[in-house]
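Peer 1: Submitted below is the structure of interest, expressed as structure tokens.
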Amino acid sequence: MGITVSNISKSYKDVKALQKISFEVKPNELFGLIGPDGAGKTTLFRILTTLLIANEGHATVAGFDVLDDFKEIRKHVGYMPGKFSLYQDLTIEENLEFFATIFGTTIEENYELIKDIYVQIEPFKDRRAGKLSGGMKQKLALSCALIHKPKVLFLDEPTTGVDPVSRKEFWEMLKRLQQKGITILVSTPYMDEAALCDRIALIQDGEILQIDSPENIVKQYPKTIYDVSANNMYQLINSLKAYQHQHSVYPFGEFVHYTDKRTDFNPKDLKQYLEAQQLSNIRIEKTQATIEDSFMELAK
Amino acid sequence: MKRFIGFITKEFYHIFRDRRSLFILFGMPIVQILLFGFAITNEINNVDIAILDHSKDASTKEIINKISASKYFSIKQLIEREADIEGVFKKGKVKAVLNFEKDFSKNLIKDHQATIQIITDATDPNTANTISNYVNSILQNYQQEQNKAINIDYVIVPEPRMVYNPELKSVYMFVPGVMTIILMLVSAMMTSISITREKELGTMEILLVSPIKPFQVIIGKVFPYIFLSIINAIVIVVMSIFIFKMPVQGSLLLLGLESVLFIVSALALGILISTISATQQTAMMISLMGLMLPVILLSGFIFPISSMPVPLQIISNAIPAKWFIIILKGIMLKGVGIQFLWKETLILLGMTVFFIGLSVKKYKIRLE
């Protein structure tokens with residue numbers, strides 16, 4: 001009852017949004033689509049939620065074909081679009097009640113499922129949706145997407161524009177929903193959230209770069225990464241980029257993630273080079289690759 | 001059914017929480033009917049005119065007396081020279097000048113003919129026309145009186161009688177027109193806006209990914225507006241009966257049923273507009289330009305269809321409002337029943353079915 005996608009392509013006029021995408025989401029899996037804006041994530045969501053028709057390829061959701069059985073899919077999936085799409089002039093409670101009614105259910109019937117999320121916004125249930133904060137809007141949207149107990153949940157960039165605390169809470173909620181037997185496909189541009197998924201697909205320019213569990217993706221990172229820091233960040237990046245043996249240089253928080261072309265790389269050589277560039281307080285330490293490093297490496 | 005009721009409840013929340021749409025719904029009909037009824041009028045009353053009398057004899061005096069005695073004209077100025085005519089018009093003091101020729105009485109008796117020049121300010125052609133007609137009829141009247149004294153062998157006496165609106169009240173003409181405009185506006189524009197709003201705000205995306213069927217969405221959207229439009233129609237009819245003493249000669253029931261038919265056709269047009277526009281702005285512009293203008297200009301509401309160029313006359317047949325206005329005038333003023341209006345009703349019905357069919361066909365079940 002998961003999701004299968006095989007050879008899906010979609011273009012808008014002369015833009016190729018998706019090119020021969022294939023992957024599979026197992027039942028009860030929390031699967032992440034990770035990629036920058038414009039990678040084709042939303043297009044893929046719309047194809048799977050039967051809102052768009054692919055130019056090529058097949059896909060099934062919860063065992064139903066996205067083309068032939070689109071009516072069945074519409075009954076059994078929950079969808080939270082990237083843009084906040086609830087009625088701003090209706091209150092929290094009215095929105096939830098409305099979506100419960102059009103799915104032929106009631107809030108009471110499935111209260112158990114949304115309880116964890118809904119209790120947090122219930123004190124404000126008479127407030128209009130347009131007046132809620134980002135985190136609250138997102139909780140309401142999730143409640144509305146869940147109110148009919150969907151088999152598969154589609155969340156398109158649910159944490160974009162949401163504060164870090166709410167983001168963390170949100171992912172905890174997703175984990176709990178997964179335990180209740182719901183298959184979840186979630187997309188995000190935030191690499192740190194990728195680690196929370198069971199498996200992820202890295203996607204860029206309409207193509208999938210890699211599909212695996214976050215741990216495996218990181219493990220497969222081919223190089224040794226060094227955290228490099230110095231007194232002047234800007235000059236450090238420029239110097240590293242000018243270094244003849246550099247393989248990749250990416251700023252990463254207070255450090256720069258550095259990889260070298262040579263297999264017998266000795267950090268001391270680099271330190272000498274940087275000192276020669278008038279940098280001081282130089283520190284070079286081995287570190288673990290992250291999803292972001294993997295993505296950058298694959299997207300190269 | 002529960003789904004449907006839930007949807008309609010939601011629609012009513014939208015309508016009653018949006019002040020702008022509430023105003024369009026209920027403020028506009030009242031304002032429009034009052035505006036058209038009181039301010040905009042074709043009738044002329046107490047029009048200021050000037051007299052240039054070269055003869056100043058018994059006949060001209062009598063004619064001038066007759067004119068000033070009528071409620072239509074008031075003599076503002078007496079001028080002495082031809083050269084002054086231009087001046088009084090330019091100052092905008094008068095709308096017309098009556099120029100009596102020299103030796104008016106003498107000519108009348110001697111040659112059986114005398115001339116009065118009626119000069120009107122035709123910057124407003126309708127008024128100019130009306131003034132000249134009114135003066136003409138006063139002169140005719142005078143002539144007839146004179147002819148009684150002298151014996152002429154035969155004479156044709158025209159006896160005009162205006163039926164259905166003997167006092168030529170323009171409000172009789174405006175009420176059906178305004179009713180048509182308002183029903184069109186409320187029904188077509190409001191539905192098209194409310195459907196495109198769902199598209200614009202992204203809620204249509206969620207509605208599509210739900211078991212609710214397209215026709216349920218459409219009926220759910222349309223139902224509140226049918227209800228509100230009927231209330232509007234009642235308000236307009238009641239206002240025109242009590243404020244403007246507009247008669248409703250025919251059956252109120254028939255009037256109601258025909259109005260519902262027209263409302264449904266306008267709603268279908270509204271749905272059609274919403275299927276081709278992506279934003280509320282576009283929907284509003286299309287409704288205003290594509291519906292309001294033809295209703296005002298081509299429906300025969302203000303400009304008589306028979307005096308339009310042939311191509312426009314043909315186009316006017318495609319406008320539902322034209323048929324509805326004919327029906328309204330028939331019922332309200334002439335008091336005729338369905339036996340005289342079945343043709344118009346059938347045309348309107350056909351158009352409605354066509355629009356509904358087209359909009360159901362064009363309604364998208366996906367985003368593209």
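Residue numbering restarts at 1 in every chain; chains get A, B, ... in the order shown in the structure tokens, and ligands count up from 1 in that same order.
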Excluding Glu122 in chain A and residues on its chain fewer than 5 positions from it, collect all residues at most 12 Å away from it, counting only C-alpha atoms, and give them as JSON, numbers by chain.

Peer 2: {"A": [91, 92, 93, 94, 96, 111, 114, 115, 116, 117, 127, 136, 139, 140, 143]}

Peer 1: Quick one: everything within 12 Å of Asn216 in chain A, counting only C-alpha atoms, minus sequence neighbours fewer than 4 positions away in the same chain. Send it as an mmCIF file with N, CA and C atoms, in the first residue's frame.

Peer 2:
data_model
loop_
_atom_site.group_PDB
_atom_site.id
_atom_site.type_symbol
_atom_site.label_atom_id
_atom_site.label_comp_id
_atom_site.auth_asym_id
_atom_site.auth_seq_id
_atom_site.Cartn_x
_atom_site.Cartn_y
_atom_site.Cartn_z
ATOM 1 N N ALA A 195 17.842 13.494 7.609
ATOM 2 C CA ALA A 195 18.331 12.428 8.478
ATOM 3 C C ALA A 195 17.200 11.786 9.274
ATOM 4 N N ASP A 198 13.193 7.569 6.937
ATOM 5 C CA ASP A 198 13.680 6.199 6.809
ATOM 6 C C ASP A 198 14.590 6.096 5.595
ATOM 7 N N ARG A 199 14.057 6.597 4.477
ATOM 8 C CA ARG A 199 14.857 6.623 3.259
ATOM 9 C C ARG A 199 14.633 7.958 2.585
ATOM 10 N N ILE A 200 15.612 8.371 1.797
ATOM 11 C CA ILE A 200 15.448 9.636 1.098
ATOM 12 C C ILE A 200 15.834 9.485 -0.368
ATOM 13 N N ALA A 201 15.263 10.359 -1.185
ATOM 14 C CA ALA A 201 15.700 10.472 -2.572
ATOM 15 C C ALA A 201 16.245 11.876 -2.723
ATOM 16 N N GLN A 210 20.222 10.045 -5.984
ATOM 17 C CA GLN A 210 20.473 8.838 -5.208
ATOM 18 C C GLN A 210 19.274 8.540 -4.320
ATOM 19 N N ILE A 211 19.029 7.248 -4.098
ATOM 20 C CA ILE A 211 17.973 6.865 -3.163
ATOM 21 C C ILE A 211 18.568 5.874 -2.182
ATOM 22 N N ASP A 212 18.466 6.160 -0.905
ATOM 23 C CA ASP A 212 18.959 5.231 0.107
ATOM 24 C C ASP A 212 18.550 5.746 1.473
ATOM 25 N N GLN A 220 28.370 6.370 2.040
ATOM 26 C CA GLN A 220 28.923 6.236 0.696
ATOM 27 C C GLN A 220 29.694 7.462 0.242
ATOM 28 N N TYR A 221 29.761 8.452 1.109
ATOM 29 C CA TYR A 221 30.494 9.658 0.710
ATOM 30 C C TYR A 221 31.942 9.276 0.449
ATOM 31 N N PRO A 222 32.468 9.561 -0.747
ATOM 32 C CA PRO A 222 33.734 8.966 -1.182
ATOM 33 C C PRO A 222 34.988 9.565 -0.554
ATOM 34 N N ALA A 289 30.770 13.224 7.194
ATOM 35 C CA ALA A 289 29.997 13.800 6.090
ATOM 36 C C ALA A 289 28.539 13.928 6.514
ATOM 37 N N THR A 290 27.855 14.906 5.958
ATOM 38 C CA THR A 290 26.415 15.042 6.205
ATOM 39 C C THR A 290 25.690 14.818 4.878
ATOM 40 N N ILE A 291 24.349 14.807 4.973
ATOM 41 C CA ILE A 291 23.549 14.660 3.758
ATOM 42 C C ILE A 291 23.877 15.787 2.788
ATOM 43 N N SER A 294 26.863 15.052 0.856
ATOM 44 C CA SER A 294 26.576 14.047 -0.166
ATOM 45 C C SER A 294 25.852 14.683 -1.340
#

Peer 1: Report the residues of range 42-124 of chain B whose backbone DSSP state falls under helix (DSSP H, G or I), written as a ChimeraX atom specification.

Peer 2: /B:58-69,83-91,104-111

Peer 1: Could I get the residues of chain A with an atom no further than 8 Å from an atom of chain B, each paired with its nearest atom pair and that distance in Å to one decimal, using only C-alpha atoms, sorted by chain and residue number, as CSV?

Peer 2:
residue,atom,partner,partner_atom,distance
A:Thr49,CA,B:Val209,CA,6.6
A:Thr50,CA,B:Arg366,CA,7.1
A:Leu51,CA,B:Arg366,CA,4.6
A:Leu52,CA,B:Leu367,CA,6.1
A:Lys71,CA,B:Pro211,CA,6.9
A:Arg74,CA,B:Val209,CA,4.8
A:Lys75,CA,B:Pro211,CA,5.1
A:Val77,CA,B:Val209,CA,7.8
A:Gly78,CA,B:Val209,CA,8.0
A:Tyr79,CA,B:Ile206,CA,6.9
A:Met80,CA,B:Ile206,CA,7.7
A:Pro81,CA,B:Ile206,CA,7.8
A:Lys83,CA,B:Gly202,CA,7.2
A:Phe84,CA,B:Gly202,CA,7.5
A:Ser85,CA,B:Thr203,CA,4.9
A:Leu86,CA,B:Thr203,CA,5.8
A:Tyr87,CA,B:Thr203,CA,7.1
A:Asp89,CA,B:His14,CA,6.7
A:Leu90,CA,B:Tyr13,CA,7.2
A:Phe98,CA,B:Gly6,CA,6.1
A:Thr101,CA,B:Arg3,CA,5.4
A:Ile102,CA,B:Arg3,CA,4.9
A:Phe103,CA,B:Pro211,CA,6.2
A:Gly104,CA,B:Arg3,CA,6.6

Peer 1: Could you please determine the separation between CA of Phe174 in chain B and CA of Ile331 in chain B in Å, to one decimal place?

Peer 2: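 So the two atoms, CA of Phe174 in chain B and CA of Ile331 in chain B, lie 14.6 Å apart.
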
Peer 1: Would you kindly return, as a PyMOL selection string, each protein, DNA or RNA residue with an atom no farther than 12 Å from any atom of range 130-142 of chain B, considering only C-alpha atoms and excluding same-chain residues fewer than 2 positions away?

Peer 2: chain B and resi 42-49+59-74+94-98+114-122+124-128+144-149+156-160+168

Peer 1: Considering only strand (DSSP E) as DSSP defines it on the backbone, what residues of range 48-152 of chain A qualify? List them as an NGL selection string.

Peer 2: :A and (56-61 or 64-65 or 77-80 or 152)

Peer 1: When you count only C-alpha atoms, which of these residues is closest to Ala268 in chain B: B:Pro320, B:Gly27, B:Gly330, B:Gly335?

Peer 2: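 Result for the nearest residue to Ala268 in chain B: B:Pro320.
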
Peer 1: Could you name the residues that touch range 254-260 of chain B at 9 Å or less, counting only C-alpha atoms, but leaving out those on the same chain fewer than 6 positions away, as an NGL selection string?

Peer 2: :B and (180 or 183 or 226 or 229-230 or 233-234 or 324 or 327-328 or 331-332 or 337-338 or 345)

Peer 1: For those residues, write C-alpha atoms to a file as a tab-separated table (two decimals), in the first residue's frame.

Peer 2:
chain	number	residue	atom	x	y	z
B	180	THR	CA	-31.38	42.55	-14.92
B	183	LEU	CA	-29.12	39.82	-10.96
B	226	ILE	CA	-29.34	31.57	-6.08
B	229	SER	CA	-30.21	36.64	-5.81
B	230	ILE	CA	-33.82	35.71	-5.18
B	233	ALA	CA	-34.98	40.27	-6.84
B	234	ILE	CA	-37.65	40.51	-4.16
B	324	PHE	CA	-35.15	38.73	-19.75
B	327	ILE	CA	-40.07	39.18	-20.29
B	328	LEU	CA	-39.90	41.59	-17.36
B	331	ILE	CA	-45.09	40.86	-17.09
B	332	MET	CA	-44.71	44.10	-15.17
B	337	GLY	CA	-48.80	35.71	-19.22
B	338	ILE	CA	-46.67	32.83	-20.40
B	345	THR	CA	-38.67	31.92	-22.01
